[in-house]
$ cat target_1.cif   # mmCIF, C-alpha atoms
data_work
#
loop_
_atom_site.label_atom_id
_atom_site.label_comp_id
_atom_site.auth_asym_id
_atom_site.auth_seq_id
_atom_site.Cartn_x
_atom_site.Cartn_y
_atom_site.Cartn_z
CA MET V 1 -51.08 -64.30 53.71
CA LYS V 2 -48.00 -62.63 52.34
CA PHE V 3 -47.94 -60.91 48.98
CA ASN V 4 -45.39 -58.95 47.03
CA LEU V 5 -46.70 -55.41 46.50
CA ILE V 6 -44.10 -54.59 43.85
CA LYS V 7 -44.92 -57.71 41.79
CA THR V 8 -48.67 -57.05 42.06
CA VAL V 9 -48.35 -53.44 40.89
CA SER V 10 -46.10 -54.53 38.05
CA PHE V 11 -48.59 -57.21 36.99
CA LEU V 12 -51.50 -54.74 37.04
CA GLY V 13 -49.39 -52.31 35.00
CA ILE V 14 -48.79 -54.97 32.36
CA LEU V 15 -52.53 -55.69 32.21
CA VAL V 16 -53.34 -52.02 31.75
CA LEU V 17 -50.65 -51.65 29.09
CA PHE V 18 -51.81 -54.77 27.24
CA SER V 19 -55.42 -53.58 27.44
CA SER V 20 -54.46 -50.23 25.94
CA PHE V 21 -52.80 -52.00 23.00
CA THR V 22 -55.78 -54.22 22.29
CA THR V 23 -58.53 -51.64 22.63
CA LYS V 24 -56.83 -48.57 21.18
CA LYS V 25 -58.47 -47.38 17.96
CA HIS V 26 -56.21 -46.44 15.08
CA THR V 27 -55.96 -42.69 14.55
CA SER V 28 -53.79 -42.69 11.42
CA LYS V 29 -52.61 -44.87 8.57
CA LYS V 30 -49.54 -44.57 6.35
CA ILE V 31 -50.03 -44.60 2.58
CA ILE V 32 -46.86 -45.42 0.64
CA VAL V 33 -46.90 -44.28 -3.00
CA THR V 34 -44.21 -45.78 -5.27
CA ASN V 35 -43.27 -44.62 -8.76
CA SER V 36 -41.62 -47.38 -10.83
CA LEU V 37 -41.04 -45.18 -13.88
CA ALA V 38 -37.97 -43.16 -14.85
CA ILE V 39 -40.10 -40.01 -15.05
CA ASN V 40 -41.35 -37.74 -12.29
CA ARG V 41 -45.07 -38.11 -11.52
CA GLU V 42 -46.24 -34.61 -10.64
CA ASN V 43 -49.67 -33.88 -9.16
CA GLU V 44 -51.03 -37.27 -10.19
CA VAL V 45 -54.32 -38.41 -8.69
CA VAL V 46 -54.31 -41.29 -6.21
CA SER V 47 -57.47 -43.20 -5.33
CA ILE V 48 -57.90 -44.99 -1.99
CA ASN V 49 -60.75 -47.42 -1.39
CA LEU V 50 -62.44 -46.14 1.76
CA LYS V 51 -62.81 -49.70 3.07
CA GLN V 52 -59.06 -49.55 3.67
CA LEU V 53 -59.59 -46.62 6.03
CA GLN V 54 -62.74 -47.79 7.82
CA ASN V 55 -60.86 -48.57 11.04
CA LEU V 56 -60.02 -44.87 11.36
CA THR V 57 -63.48 -43.34 11.46
CA ASP V 58 -67.18 -43.79 10.78
CA SER V 59 -67.33 -40.32 9.27
CA TYR V 60 -65.18 -40.02 6.19
CA GLN V 61 -65.78 -36.29 6.22
CA ASN V 62 -63.34 -36.18 9.16
CA LEU V 63 -60.47 -37.67 7.14
CA LEU V 64 -57.43 -35.60 6.25
CA ILE V 65 -54.28 -36.39 4.26
CA LYS V 66 -50.87 -34.89 4.98
CA ASP V 67 -47.51 -35.25 3.25
CA GLU V 68 -44.15 -36.03 4.84
CA ASN V 69 -43.69 -32.38 5.78
CA GLY V 70 -47.06 -32.22 7.53
CA ASN V 71 -48.75 -30.17 4.79
CA LEU V 72 -52.46 -30.89 4.43
CA LEU V 73 -53.64 -31.87 0.94
CA VAL V 74 -56.80 -31.12 -0.98
CA THR V 75 -59.02 -34.23 -0.99
CA GLN V 76 -62.25 -35.35 -2.63
CA ILE V 77 -64.62 -38.14 -1.63
CA ILE V 78 -66.46 -40.01 -4.41
CA ASP V 79 -69.71 -42.01 -4.32
CA ASN V 80 -69.18 -43.99 -7.52
CA ASN V 81 -72.59 -45.68 -7.71
CA LEU V 82 -74.73 -42.89 -6.22
CA ASP V 83 -76.00 -45.12 -3.40
CA GLY V 84 -75.33 -42.46 -0.78
CA LYS V 85 -72.26 -44.26 0.59
CA PRO V 86 -68.76 -42.88 -0.12
CA ASP V 87 -66.49 -45.30 -2.01
CA GLU V 88 -63.10 -43.68 -2.54
CA LEU V 89 -60.85 -40.89 -1.37
CA LEU V 90 -58.86 -38.89 -3.93
CA PHE V 91 -55.77 -36.74 -3.44
CA ARG V 92 -52.88 -35.64 -5.65
CA VAL V 93 -49.29 -36.75 -5.19
CA THR V 94 -45.85 -35.89 -6.53
CA VAL V 95 -43.34 -38.75 -6.66
CA LEU V 96 -39.94 -38.43 -8.31
CA ALA V 97 -38.62 -41.04 -10.73
CA HIS V 98 -37.95 -44.46 -9.14
CA SER V 99 -38.94 -43.11 -5.74
CA ARG V 100 -41.58 -43.45 -3.09
CA VAL V 101 -43.34 -40.97 -0.85
CA ILE V 102 -45.26 -41.59 2.37
CA TYR V 103 -48.54 -39.82 3.02
CA THR V 104 -50.65 -40.10 6.17
CA ALA V 105 -54.41 -40.44 6.47
CA PHE V 106 -55.69 -39.31 9.86
CA VAL V 107 -58.86 -38.20 11.60
CA ASN V 108 -59.64 -34.70 12.76
CA LYS V 109 -63.09 -33.66 13.96
CA LYS V 110 -62.49 -30.14 12.70
CA ALA V 111 -61.42 -31.40 9.28
CA SER V 112 -63.88 -29.19 7.42
CA LYS V 113 -62.13 -26.11 8.84
CA LYS V 114 -58.61 -27.41 8.32
CA ARG V 115 -58.85 -28.97 4.85
CA PRO V 116 -57.23 -26.67 2.26
CA LEU V 117 -59.25 -25.42 -0.70
CA SER V 118 -58.12 -25.77 -4.28
CA PRO V 119 -57.88 -22.59 -6.39
CA TYR V 120 -58.90 -24.65 -9.43
CA THR V 121 -61.49 -27.33 -10.09
CA THR V 122 -62.95 -29.87 -12.45
CA TYR V 123 -66.50 -29.30 -13.58
CA ALA V 124 -69.30 -30.88 -15.61
CA ARG V 125 -72.93 -30.07 -16.19
CA PHE V 126 -75.94 -30.41 -18.43
CA VAL V 127 -76.60 -27.13 -20.28
CA PRO V 128 -80.33 -26.63 -20.98
CA GLU V 129 -79.83 -22.96 -21.83
CA ARG V 130 -77.90 -24.03 -24.97
CA THR V 131 -80.50 -26.58 -26.13
CA ASP V 132 -79.07 -29.54 -24.17
CA ASP V 133 -75.32 -29.72 -24.41
CA PHE V 134 -73.28 -31.62 -21.87
CA THR V 135 -69.91 -30.02 -21.09
CA TRP V 136 -66.93 -30.82 -18.89
CA GLU V 137 -63.60 -29.18 -18.10
CA ASN V 138 -60.60 -28.90 -15.83
CA ASP V 139 -57.77 -26.37 -15.57
CA LYS V 140 -56.35 -27.32 -19.00
CA VAL V 141 -59.07 -28.48 -21.40
CA ALA V 142 -62.83 -28.43 -22.02
CA PHE V 143 -65.15 -30.73 -24.00
CA ARG V 144 -68.81 -30.96 -24.94
CA THR V 145 -71.30 -33.22 -26.68
CA TYR V 146 -74.99 -33.01 -27.58
CA GLY V 147 -78.33 -34.19 -26.22
CA PRO V 148 -81.78 -35.35 -27.42
CA THR V 149 -83.41 -31.93 -27.82
CA ALA V 150 -80.64 -30.83 -30.18
CA GLN V 151 -81.24 -34.01 -32.18
CA LYS V 152 -85.02 -33.48 -32.27
CA LEU V 153 -84.66 -29.94 -33.61
CA VAL V 154 -82.61 -31.22 -36.55
CA GLU V 155 -85.01 -34.05 -37.27
CA GLU V 156 -87.94 -31.59 -37.26
CA GLY V 157 -86.09 -29.20 -39.55
CA LYS V 158 -85.91 -26.45 -36.92
CA GLN V 159 -83.09 -24.04 -36.12
CA GLY V 160 -80.69 -24.45 -33.24
CA GLY V 161 -80.21 -28.20 -33.33
CA THR V 162 -77.16 -30.43 -33.59
CA LEU V 163 -77.25 -34.08 -34.65
CA SER V 164 -73.96 -35.59 -33.56
CA SER V 165 -72.47 -37.99 -31.03
CA GLY V 166 -69.01 -36.57 -31.77
CA ILE V 167 -66.89 -34.90 -29.10
CA ASP V 168 -66.31 -31.14 -29.37
CA LEU V 169 -63.20 -29.34 -28.07
CA TRP V 170 -63.18 -25.92 -26.39
CA LEU V 171 -59.77 -24.27 -26.48
CA LYS V 172 -58.97 -22.42 -23.27
CA LYS V 173 -55.97 -20.30 -22.23
CA VAL V 174 -56.87 -19.98 -18.56
CA ASN V 175 -56.78 -22.45 -15.67
CA TYR V 176 -60.07 -21.38 -14.10
CA SER V 177 -63.52 -22.63 -15.09
CA ILE V 178 -65.03 -20.99 -18.18
CA ILE V 179 -68.11 -23.09 -18.96
CA ASP V 180 -70.72 -21.05 -17.08
CA LYS V 181 -69.26 -17.72 -18.18
CA TRP V 182 -69.08 -18.60 -21.87
CA TYR V 183 -72.62 -19.97 -21.98
CA SER V 184 -73.99 -17.02 -20.05
CA ASN V 185 -72.29 -14.52 -22.34
CA ASN V 186 -73.44 -16.49 -25.37
CA LEU V 187 -77.05 -15.92 -24.29
CA GLN V 188 -76.40 -12.19 -24.33
CA THR V 189 -74.33 -12.19 -27.53
CA ALA V 190 -74.94 -15.08 -29.92
CA GLY V 191 -71.69 -16.72 -30.97
CA TYR V 192 -69.76 -15.29 -28.01
CA TYR V 193 -67.71 -18.42 -27.37
CA HIS V 194 -66.72 -18.71 -31.03
CA ILE V 195 -64.60 -15.56 -30.58
CA ASP V 196 -61.46 -15.39 -28.43
CA HIS V 197 -62.02 -12.68 -25.79
CA GLY V 198 -58.75 -13.50 -24.05
CA GLU V 199 -59.70 -16.77 -22.34
CA GLY V 200 -59.93 -18.98 -25.44
CA TYR V 201 -62.77 -19.97 -27.76
CA ASP V 202 -64.53 -22.72 -29.72
CA PRO V 203 -63.36 -22.81 -33.34
CA TYR V 204 -63.54 -26.62 -33.55
CA HIS V 205 -66.02 -28.11 -36.03
CA VAL V 206 -67.60 -31.48 -35.27
CA GLY V 207 -70.60 -31.80 -37.60
CA LYS V 208 -71.21 -35.44 -38.51
CA SER V 209 -67.61 -36.37 -37.73
CA ARG V 210 -66.39 -38.05 -34.55
CA GLY V 211 -64.75 -34.84 -33.38
CA THR V 212 -61.98 -36.12 -31.12
CA GLY V 213 -62.89 -39.44 -29.51
CA GLY V 214 -66.39 -40.17 -30.84
CA ASN V 215 -67.09 -43.74 -31.89
CA GLY V 216 -68.91 -45.91 -34.42
CA ILE V 217 -68.72 -49.20 -36.35
CA TRP V 218 -66.50 -49.33 -39.44
CA LEU V 219 -68.18 -51.52 -42.06
CA ASN V 220 -67.91 -51.66 -45.86
CA ASP V 221 -65.91 -48.42 -46.01
CA SER V 222 -68.55 -46.56 -44.01
CA LEU V 223 -68.71 -45.47 -40.39
CA HIS V 224 -72.05 -46.25 -38.70
CA VAL V 225 -72.66 -44.03 -35.67
CA SER V 226 -75.16 -43.36 -32.89
CA LYS V 227 -77.31 -40.28 -32.52
CA ASN V 228 -77.15 -37.93 -29.53
CA PHE V 229 -77.09 -39.08 -25.91
CA VAL V 230 -80.53 -39.58 -24.33
CA ASN V 231 -79.78 -39.58 -20.58
CA TYR V 232 -77.03 -38.28 -18.31
CA ARG V 233 -75.94 -38.75 -14.69
CA VAL V 234 -73.43 -36.57 -12.87
CA ILE V 235 -71.48 -38.79 -10.47
CA ALA V 236 -69.05 -36.20 -9.12
CA THR V 237 -67.56 -32.78 -9.68
CA GLY V 238 -64.92 -31.23 -7.51
CA PRO V 239 -61.36 -30.08 -7.01
CA ILE V 240 -59.75 -33.31 -8.23
CA ARG V 241 -62.06 -35.30 -10.52
CA THR V 242 -65.27 -34.99 -12.52
CA ILE V 243 -67.27 -38.14 -13.41
CA PHE V 244 -70.52 -38.51 -15.34
CA GLU V 245 -72.35 -41.01 -17.55
CA LEU V 246 -74.12 -40.68 -20.89
CA ASP V 247 -76.63 -43.22 -22.26
CA TYR V 248 -77.28 -43.75 -25.96
CA ASN V 249 -80.26 -45.39 -27.65
CA SER V 250 -79.84 -48.48 -29.80
CA TRP V 251 -78.01 -47.70 -33.06
CA SER V 252 -76.87 -49.39 -36.28
CA LYS V 253 -78.23 -52.65 -37.65
CA PHE V 254 -76.43 -54.42 -34.80
CA GLY V 255 -78.69 -52.82 -32.18
CA VAL V 256 -75.78 -51.38 -30.19
CA LYS V 257 -76.58 -49.79 -26.83
CA GLU V 258 -73.92 -48.07 -24.79
CA THR V 259 -73.24 -46.12 -21.64
CA LYS V 260 -70.16 -43.92 -21.56
CA ARG V 261 -68.65 -43.27 -18.16
CA ILE V 262 -66.43 -40.22 -18.66
CA SER V 263 -64.01 -38.71 -16.16
CA LEU V 264 -61.49 -35.88 -16.13
CA ASP V 265 -58.79 -35.22 -13.53
CA LEU V 266 -57.37 -31.86 -12.56
CA GLY V 267 -54.12 -31.15 -14.37
CA SER V 268 -54.67 -33.67 -17.16
CA ASN V 269 -55.06 -33.03 -20.90
CA PHE V 270 -56.84 -36.39 -21.23
CA THR V 271 -60.42 -37.32 -20.44
CA LYS V 272 -61.04 -41.00 -19.72
CA PHE V 273 -63.80 -43.01 -21.43
CA GLU V 274 -65.05 -46.26 -19.91
CA ASN V 275 -67.73 -47.48 -22.30
CA THR V 276 -70.09 -50.37 -21.58
CA ILE V 277 -71.48 -51.88 -24.79
CA SER V 278 -74.32 -54.29 -25.44
CA SER V 279 -75.74 -55.53 -28.73
CA GLU V 280 -78.41 -57.82 -30.11
CA PHE V 281 -75.76 -59.28 -32.44
CA ASP V 282 -72.00 -59.67 -32.52
CA ILE V 283 -70.49 -56.40 -33.66
CA PRO V 284 -67.55 -56.51 -36.08
CA ASN V 285 -65.61 -53.77 -34.28
CA TYR V 286 -65.86 -50.60 -32.19
CA THR V 287 -64.14 -47.75 -33.95
CA LEU V 288 -62.83 -44.51 -32.45
CA GLY V 289 -62.29 -41.40 -34.55
CA ILE V 290 -60.55 -38.05 -34.86
CA THR V 291 -61.79 -35.70 -37.56
CA LEU V 292 -59.20 -34.51 -40.10
CA HIS V 293 -61.18 -31.40 -41.02
CA ASP V 294 -59.54 -30.02 -44.19
CA GLN V 295 -56.79 -32.68 -44.04
CA LYS V 296 -53.95 -30.16 -43.66
CA GLY V 297 -52.60 -31.58 -40.43
CA LYS V 298 -49.99 -34.22 -39.54
CA VAL V 299 -51.18 -37.75 -38.77
CA ASP V 300 -49.27 -40.37 -36.79
CA LEU V 301 -50.73 -43.83 -36.19
CA ASN V 302 -48.77 -46.01 -33.77
CA ILE V 303 -50.66 -49.28 -33.38
CA THR V 304 -47.78 -50.87 -31.45
CA LYS V 305 -47.97 -48.24 -28.73
CA GLY V 306 -51.71 -47.55 -28.95
CA ILE V 307 -51.14 -43.84 -29.67
CA PHE V 308 -53.00 -42.00 -32.45
CA ARG V 309 -52.21 -38.35 -33.08
CA TYR V 310 -53.37 -35.47 -35.23
CA TRP V 311 -51.59 -32.09 -35.26
CA GLU V 312 -53.58 -29.55 -37.23
CA PRO V 313 -53.67 -25.84 -37.99
CA ILE V 314 -56.79 -24.07 -36.69
CA ASP V 315 -57.06 -20.37 -37.50
CA ASP V 316 -53.67 -18.83 -36.66
CA SER V 317 -52.42 -21.59 -34.34
CA PHE V 318 -52.15 -25.37 -33.97
CA VAL V 319 -54.02 -28.00 -31.94
CA GLY V 320 -52.77 -31.48 -31.11
CA GLU V 321 -55.45 -34.14 -30.69
CA GLY V 322 -55.02 -37.75 -29.70
CA ILE V 323 -56.38 -41.10 -28.56
CA VAL V 324 -54.43 -43.37 -26.20
CA ILE V 325 -55.56 -46.97 -25.74
CA ALA V 326 -54.17 -50.37 -24.76
CA PRO V 327 -52.50 -51.75 -27.94
CA ASN V 328 -53.99 -55.23 -27.48
CA LEU V 329 -57.46 -53.76 -28.10
CA VAL V 330 -56.53 -52.32 -31.50
CA LYS V 331 -57.23 -54.33 -34.68
CA THR V 332 -56.04 -51.70 -37.15
CA ALA V 333 -55.97 -47.95 -37.74
CA LEU V 334 -56.71 -45.89 -40.84
CA ASN V 335 -55.86 -42.44 -42.11
CA HIS V 336 -59.17 -42.30 -43.98
CA HIS V 337 -59.86 -39.63 -46.59
CA SER V 338 -63.31 -39.08 -48.04
CA LYS V 339 -65.07 -36.69 -50.43
CA SER V 340 -68.11 -36.70 -48.12
CA PRO V 341 -68.29 -33.78 -45.62
CA ASP V 342 -66.88 -34.54 -42.16
CA GLN V 343 -65.93 -38.11 -43.09
CA SER V 344 -62.16 -37.72 -43.45
CA GLN V 345 -60.97 -39.11 -40.13
CA ILE V 346 -58.41 -41.09 -38.23
CA LEU V 347 -60.18 -44.37 -37.51
CA VAL V 348 -58.93 -46.61 -34.70
CA VAL V 349 -60.63 -49.98 -35.18
CA THR V 350 -60.81 -51.82 -31.85
CA GLU V 351 -62.14 -55.03 -30.37
CA PRO V 352 -63.60 -54.48 -26.87
CA LYS V 353 -63.14 -57.13 -24.19
CA ASN V 354 -66.08 -58.33 -22.09
CA LYS V 355 -68.36 -55.65 -23.61
CA LYS V 356 -66.23 -52.85 -22.17
CA ILE V 357 -63.53 -50.59 -23.53
CA VAL V 358 -61.33 -47.96 -21.89
CA TYR V 359 -59.45 -45.25 -23.74
CA TYR V 360 -58.21 -41.70 -23.24
CA VAL V 361 -58.98 -38.68 -25.42
CA GLY V 362 -57.01 -35.47 -25.19
CA PHE V 363 -55.75 -32.32 -26.83
CA ALA V 364 -53.45 -29.34 -26.37
CA TRP V 365 -53.68 -25.92 -28.00
CA LEU V 366 -50.49 -24.07 -28.88
CA LYS V 367 -51.86 -20.78 -27.49
CA SER V 368 -52.59 -22.37 -24.10
CA GLY V 369 -48.85 -22.54 -23.44
CA GLN V 370 -49.11 -26.26 -22.56
CA VAL V 371 -47.15 -27.28 -25.68
CA ASN V 372 -44.85 -25.43 -28.06
CA SER V 373 -44.61 -27.95 -30.91
CA VAL V 374 -45.88 -31.23 -32.30
CA ALA V 375 -42.91 -32.87 -30.55
CA ASP V 376 -44.23 -31.57 -27.21
CA TRP V 377 -47.65 -33.02 -27.96
CA ASP V 378 -46.11 -36.37 -28.89
CA SER V 379 -44.26 -36.35 -25.56
CA LEU V 380 -47.53 -35.78 -23.68
CA LEU V 381 -49.12 -38.70 -25.53
CA GLU V 382 -46.16 -40.96 -24.73
CA ARG V 383 -46.28 -39.87 -21.10
CA GLN V 384 -49.99 -40.64 -20.86
CA GLN V 385 -49.44 -44.15 -22.23
CA ALA V 386 -46.58 -44.71 -19.76
CA ILE V 387 -48.78 -43.62 -16.85
CA ILE V 388 -51.57 -45.98 -17.99
CA ASN V 389 -49.16 -48.92 -18.34
CA SER V 390 -47.42 -48.30 -14.99
CA PRO V 391 -49.85 -46.88 -12.45
CA LEU V 392 -48.51 -45.66 -9.12
CA ILE V 393 -48.18 -48.48 -6.59
CA ILE V 394 -50.20 -47.85 -3.41
CA THR V 395 -49.28 -49.68 -0.20
CA MET V 396 -51.22 -49.15 3.01
#
$ encode --input "target_1.cif" --output "structure tokens"
Amino acid sequence: MKFNLIKTVSFLGILVLFSSFTTKKHTSKKIIVTNSLAINRENEVVSINLKQLQNLTDSYQNLLIKDENGNLLVTQIIDNNLDGKPDELLFRVTVLAHSRVIYTAFVNKKASKKRPLSPYTTYARFVPERTDDFTWENDKVAFRTYGPTAQKLVEEGKQGGTLSSGIDLWLKKVNYSIIDKWYSNNLQTAGYYHIDHGEGYDPYHVGKSRGTGGNGIWLNDSLHVSKNFVNYRVIATGPIRTIFELDYNSWSKFGVKETKRISLDLGSNFTKFENTISSEFDIPNYTLGITLHDQKGKVDLNITKGIFRYWEPIDDSFVGEGIVIAPNLVKTALNHHSKSPDQSQILVVTEPKNKKIVYYVGFAWLKSGQVNSVADWDSLLERQQAIINSPLIITM
């Protein structure tokens, strides 16, 4: 029998080549990030569902992200439901106006040694050494609220308690974490964090008000509110995003129960609230508030845009506070003044959809250097609403 050696070798080569195409495992995947806005998106957080990367590796700890110049990026993996299985990969991107940038996800077995570390972080924790606060921060802002022990002390007429579901603001000048240091020093010197030692301080009064971003039900010219949170769960802390949840017992005559899922990204002045609400009865509204303190600040209520701002003098400086929300959720907004202590407030009366509501709460302190005027703060609020309305477009 005659056979053509050249043809046989060529045929075997084709088989080998075809086999390599069909059995080769992917080692990288391109991630195209598109910015449709006329503003630059700098250091904005991108979230990738890990199911979209499952053909790269079984160990998500081996994943790395690089930019178009080959620079490795800081990443964070999130387990959103605490089931022990990672759900999403976070990294930060910069995309110029009306532009797109390509990033690459790839596998490296020595990823833990190669992945760059962030000099800054987001952070959240329960604080039993100060009764039972819950605090969270990033490189720009810090917040806190209050737990069940603080409530119990007030109800028993004892010292050291706080009865409030309002949101407190801590004004910081530095981009590193201050929570642990301020609480530790406060144990040594009572009132430490109420004095500016060069890093910032807490001059903000919450009391029975909503602080900045607390909620209630507005009914018959009165705001009905919950008591302190009763349970907490830390979902994630890390170099890019902090996430936690707070549960509240039933409150008001409507029997409202709620869980607040709160997150804060590095580089942002705004903390995100995703509140799940249930009630024994139909509730007339779900109202968000910003305390007016002594009513000496400047109020701006923009229902059309869903932006609600207060610019107020505190001590020898100014603080801009704000709520940003989808306009279609807003029923009305009030610049409410009252003779009762802590009850003069901006009230944003909303109507949640499907028992959930999402909104953003933020602030900027003049001495932080993040803003220089009320116009700067208004620009940050407008920018936040634009980012919410036009998220970055992710194409795999």
$ residues_around --input "target_1.cif" --residues "Gly70 of chain V" --least-positions-apart "4" --cutoff "10 Å" --atoms "all atoms listed in the file" --output "ChimeraX atom specification"
/V:65-66,103-104
$ residues_around --input "target_1.cif" --residues "segment 99-101 of chain V" --least-positions-apart "5" --cutoff "6 Å" --atoms "all atoms listed in the file" --output "number ranges by chain"
V: 32-35
$ resolve_selection --input "target_1.cif" --expression "the PyMOL selection byres ((chain V and resi 74) around 7)" --output "PyMOL selection string"
chain V and resi 72-73+75+91+115-118
$ resolve_selection --input "target_1.cif" --expression "the PyMOL selection byres ((chain V and resi 310) around 6)" --output "list in words"
Lys298, Val299, Arg309, Trp311, Gly320 and Glu321 of chain V
$ residues_around --input "target_1.cif" --residues "Asn80 of chain V" --least-positions-apart "5" --cutoff "9 Å" --atoms "only C-alpha atoms" --output "PyMOL selection string"
chain V and resi 85-88+235-236+243
$ closest_residue --input "target_1.cif" --among "V:Val319, V:Ile31, V:Ile78, V:Val330" --to "Trp170 of chain V" --atoms "all atoms listed in the file"
V:Val319
$ atom_distance --input "target_1.cif" --atom1 "atom CA of Leu264 of chain V" --atom2 "atom CA of Tyr183 of chain V"
20.3 Å
$ resolve_selection --input "target_1.cif" --expression "the PyMOL selection byres ((chain V and resi 126) around 12)" --output "number ranges by chain"
V: 123-125, 127-136, 144-148, 179-180, 183, 229-234, 244-246
$ write_last_selection --input "target_1.cif" --atoms "C-alpha atoms" --output "mmCIF file, in the frame of the given file"
data_model
loop_
_atom_site.group_PDB
_atom_site.id
_atom_site.type_symbol
_atom_site.label_atom_id
_atom_site.label_comp_id
_atom_site.auth_asym_id
_atom_site.auth_seq_id
_atom_site.Cartn_x
_atom_site.Cartn_y
_atom_site.Cartn_z
ATOM 1 C CA TYR V 123 -66.500 -29.300 -13.580
ATOM 2 C CA ALA V 124 -69.300 -30.880 -15.610
ATOM 3 C CA ARG V 125 -72.930 -30.070 -16.190
ATOM 4 C CA VAL V 127 -76.600 -27.130 -20.280
ATOM 5 C CA PRO V 128 -80.330 -26.630 -20.980
ATOM 6 C CA GLU V 129 -79.830 -22.960 -21.830
ATOM 7 C CA ARG V 130 -77.900 -24.030 -24.970
ATOM 8 C CA THR V 131 -80.500 -26.580 -26.130
ATOM 9 C CA ASP V 132 -79.070 -29.540 -24.170
ATOM 10 C CA ASP V 133 -75.320 -29.720 -24.410
ATOM 11 C CA PHE V 134 -73.280 -31.620 -21.870
ATOM 12 C CA THR V 135 -69.910 -30.020 -21.090
ATOM 13 C CA TRP V 136 -66.930 -30.820 -18.890
ATOM 14 C CA ARG V 144 -68.810 -30.960 -24.940
ATOM 15 C CA THR V 145 -71.300 -33.220 -26.680
ATOM 16 C CA TYR V 146 -74.990 -33.010 -27.580
ATOM 17 C CA GLY V 147 -78.330 -34.190 -26.220
ATOM 18 C CA PRO V 148 -81.780 -35.350 -27.420
ATOM 19 C CA ILE V 179 -68.110 -23.090 -18.960
ATOM 20 C CA ASP V 180 -70.720 -21.050 -17.080
ATOM 21 C CA TYR V 183 -72.620 -19.970 -21.980
ATOM 22 C CA PHE V 229 -77.090 -39.080 -25.910
ATOM 23 C CA VAL V 230 -80.530 -39.580 -24.330
ATOM 24 C CA ASN V 231 -79.780 -39.580 -20.580
ATOM 25 C CA TYR V 232 -77.030 -38.280 -18.310
ATOM 26 C CA ARG V 233 -75.940 -38.750 -14.690
ATOM 27 C CA VAL V 234 -73.430 -36.570 -12.870
ATOM 28 C CA PHE V 244 -70.520 -38.510 -15.340
ATOM 29 C CA GLU V 245 -72.350 -41.010 -17.550
ATOM 30 C CA LEU V 246 -74.120 -40.680 -20.890
#
$ closest_residue --input "target_1.cif" --among "V:Gly213, V:Tyr120, V:Ile325, V:Trp251" --to "Asn389 of chain V" --atoms "all atoms listed in the file"
V:Ile325
$ atom_distance --input "target_1.cif" --atom1 "atom CA of Gly214 of chain V" --atom2 "atom CA of Ile346 of chain V"
10.9 Å
$ residues_around --input "target_1.cif" --residues "Leu266 of chain V" --least-positions-apart "3" --cutoff "6 Å" --atoms "all atoms listed in the file" --output "ChimeraX atom specification"
/V:122,138,240
$ atom_distance --input "target_1.cif" --atom1 "atom CA of Ser165 of chain V" --atom2 "atom CA of Leu223 of chain V"
12.6 Å
$ closest_residue --input "target_1.cif" --among "V:Asn228, V:Phe143, V:Leu187, V:Lys355" --to "Ser263 of chain V" --atoms "only C-alpha atoms"
V:Phe143
$ closest_residue --input "target_1.cif" --among "V:Gly160, V:Thr27, V:Thr237, V:Ser36" --to "Ala386 of chain V" --atoms "only C-alpha atoms"
V:Ser36
$ closest_residue --input "target_1.cif" --among "V:Gly267, V:Pro327, V:Gly297, V:Gly166" --to "Lys227 of chain V" --atoms "only C-alpha atoms"
V:Gly166
$ closest_residue --input "target_1.cif" --among "V:Arg383, V:His98, V:His336, V:Lys51" --to "Leu292 of chain V" --atoms "only C-alpha atoms"
V:His336
$ residues_around --input "target_1.cif" --residues "segment 37-39 of chain V" --least-positions-apart "5" --cutoff "8 Å" --atoms "all atoms listed in the file" --output "list in words"
Leu96, Ala97, His98 and Ser390 of chain V
